[in-house]
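**Student:** Dumping the structure here so I can ask a few things about it.
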Amino acid sequence: MKSVAFVVLVVVFFMSGCTSTITPTSIDKIAKDVNQSEIIVEKTTLNIGSTLVNILSYSKGKSSILYFRPHENETTSRVVVLKMINKYGGKFVELNAQGNRLIDFRVEDKSYTFDPNRIFSSKGISDTLQKYGKSDLTSHQEVDRFAKRLVEDFLTKNQLIAVHNNTQGEPLSIKSYIGSKDALEVYISPNKDEDNFFYVTQKKDFDVLKSKDFNVILQDNLGVSDDGSMSVYCGSRGIRYINIEAQMGDESNQMDMLEALYTIL
């Protein structure tokens, strides 16, 4: 086994005064996830109010493939993408805040919470802040500023591969999209676990993945509800977006999905 060698570049940007810090993912933890060398790790720190959020970027080689993991607690997806990066090259961007699905932040003496995959539209920001507490002008502006920096500095590509993990059965599986106004087409494979599926914004990707007998959903880019998610953001702008959704802990099947996807990218 080759030894692990990481280059760590730390870049810090401040958008307003910061008073609190977030413990970053340790390099030792990264080293346990990938057992090969030559992966470059860059850490950029952005603030939301007085709370710091790290953006970790992993890259290897010259591949143009870009992976994104918004939810920090969906750990299986992190492991498999790091393995894919090590094997084929590419870039992987993930958020590193408090280790949870949601991100908490403070502005002066007020606390707020949001889902980091619901911040890519003004409506999405208002809805997610309200859902998990409260929304006001100041909190909306802080999250909006963070989201714009995230997109402009890290996710500006002509295609984006998102990685997520879910739980067994409800509330989310391929069957959740049957009859949904957000979906233009749904293909359910009789041979795949219903918790493991692709969610895409382009018809060509739907057709290819369907032909490979994977569960797959084609988003209705014109009729989809604006929930502030990255899929809606990409769909409205003609950006090729593919989400690999797999059950937490099912590393083998999520890796198979990523391997199959790699052959068509």
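Chain identifiers are assigned as A, B, and so on, following the order in which chains appear in the structure tokens; residues are numbered from 1 within each chain, and ligands are numbered from 1 in order of appearance.
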Given only C-alpha atoms, how would the per-residue table for range 113-208 of chain A near range 54-64 of chain A read, listing every residue at most 10 Å away with its closest atom pair and distance in Å to one decimal, sorted by chain and number, as a tab-separated table?
**Tutor:**
```
residue	atom	partner	partner_atom	distance
A:Leu150	CA	A:Ile55	CA	8.3
A:Phe154	CA	A:Ser57	CA	8.3
A:Lys157	CA	A:Ser64	CA	8.6
A:Asn158	CA	A:Ser64	CA	9.6
A:Gln159	CA	A:Ser64	CA	9.0
A:Leu160	CA	A:Ser64	CA	9.9
```
**Student:** Please save N, CA and C atoms of the selected residues as a PDB file, in the first residue's frame.
**Tutor:**
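Everything below was put into part.pdb:
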```pdb
ATOM      1  N   LEU A 150     -20.314  30.212  -2.859  1.00  0.00           N
ATOM      2  CA  LEU A 150     -20.150  28.775  -3.071  1.00  0.00           C
ATOM      3  C   LEU A 150     -20.277  28.430  -4.547  1.00  0.00           C
ATOM      4  N   PHE A 154     -16.749  27.734  -6.475  1.00  0.00           N
ATOM      5  CA  PHE A 154     -16.486  26.303  -6.368  1.00  0.00           C
ATOM      6  C   PHE A 154     -17.309  25.422  -7.308  1.00  0.00           C
ATOM      7  N   LYS A 157     -19.417  25.055 -13.168  1.00  0.00           N
ATOM      8  CA  LYS A 157     -19.022  24.099 -14.199  1.00  0.00           C
ATOM      9  C   LYS A 157     -20.207  23.877 -15.132  1.00  0.00           C
ATOM     10  N   ASN A 158     -19.948  23.241 -16.276  1.00  0.00           N
ATOM     11  CA  ASN A 158     -21.058  22.945 -17.183  1.00  0.00           C
ATOM     12  C   ASN A 158     -21.751  21.642 -16.816  1.00  0.00           C
ATOM     13  N   GLN A 159     -21.224  20.956 -15.807  1.00  0.00           N
ATOM     14  CA  GLN A 159     -21.910  19.779 -15.281  1.00  0.00           C
ATOM     15  C   GLN A 159     -21.538  19.605 -13.817  1.00  0.00           C
ATOM     16  N   LEU A 160     -22.444  19.006 -13.061  1.00  0.00           N
ATOM     17  CA  LEU A 160     -22.221  18.830 -11.630  1.00  0.00           C
ATOM     18  C   LEU A 160     -22.788  17.482 -11.198  1.00  0.00           C
TER      19      LEU A 160
END
```
**Student:** Name all residues at most 10 Å from range 244-253 of chain A (count only C-alpha atoms; drop same-chain ones fewer than 6 positions away) and give them as a ChimeraX atom specification.
**Tutor:** /A:73-80,161-169,172-174,192-200,215-216,259,261
**Student:** I need the residues in range 64-200 of chain A that are strand (DSSP E or B) according to DSSP; give them as an MDAnalysis selection string.
**Tutor:** chainID A and resid 66:69 90:96 103:107 110:114 159:166 183:187 197:200
**Student:** Could you tell me how far CA of Ala183 in chain A lies from CA of Ile103 in chain A, in Å and to one decimal?
**Tutor:**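 So the two atoms, CA of Ala183 in chain A and CA of Ile103 in chain A, lie 27.9 Å apart.
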**Student:** Please determine, counting only C-alpha atoms, which residue among A:Val93, A:Ile119, A:Val81, A:Leu102 has the shortest atom-to-atom distance to Gly133 in chain A.
**Tutor:**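 Of A:Val93, A:Ile119, A:Val81, A:Leu102, the one nearest Gly133 in chain A, counting only C-alpha atoms, is A:Leu102.
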**Student:** Which is closest to Ser139 in chain A among A:Ile239, A:Ile48, A:Val151, A:Val208, if we use only C-alpha atoms?
**Tutor:**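 Closest to Ser139 in chain A, using only C-alpha atoms: A:Ile48.
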**Student:** Between CA of Asp207 in chain A and CA of Lys175 in chain A, measure the distance and give it in Å to one decimal.
**Tutor:**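 Computed distance, CA of Asp207 in chain A to CA of Lys175 in chain A, equals 18.3 Å.
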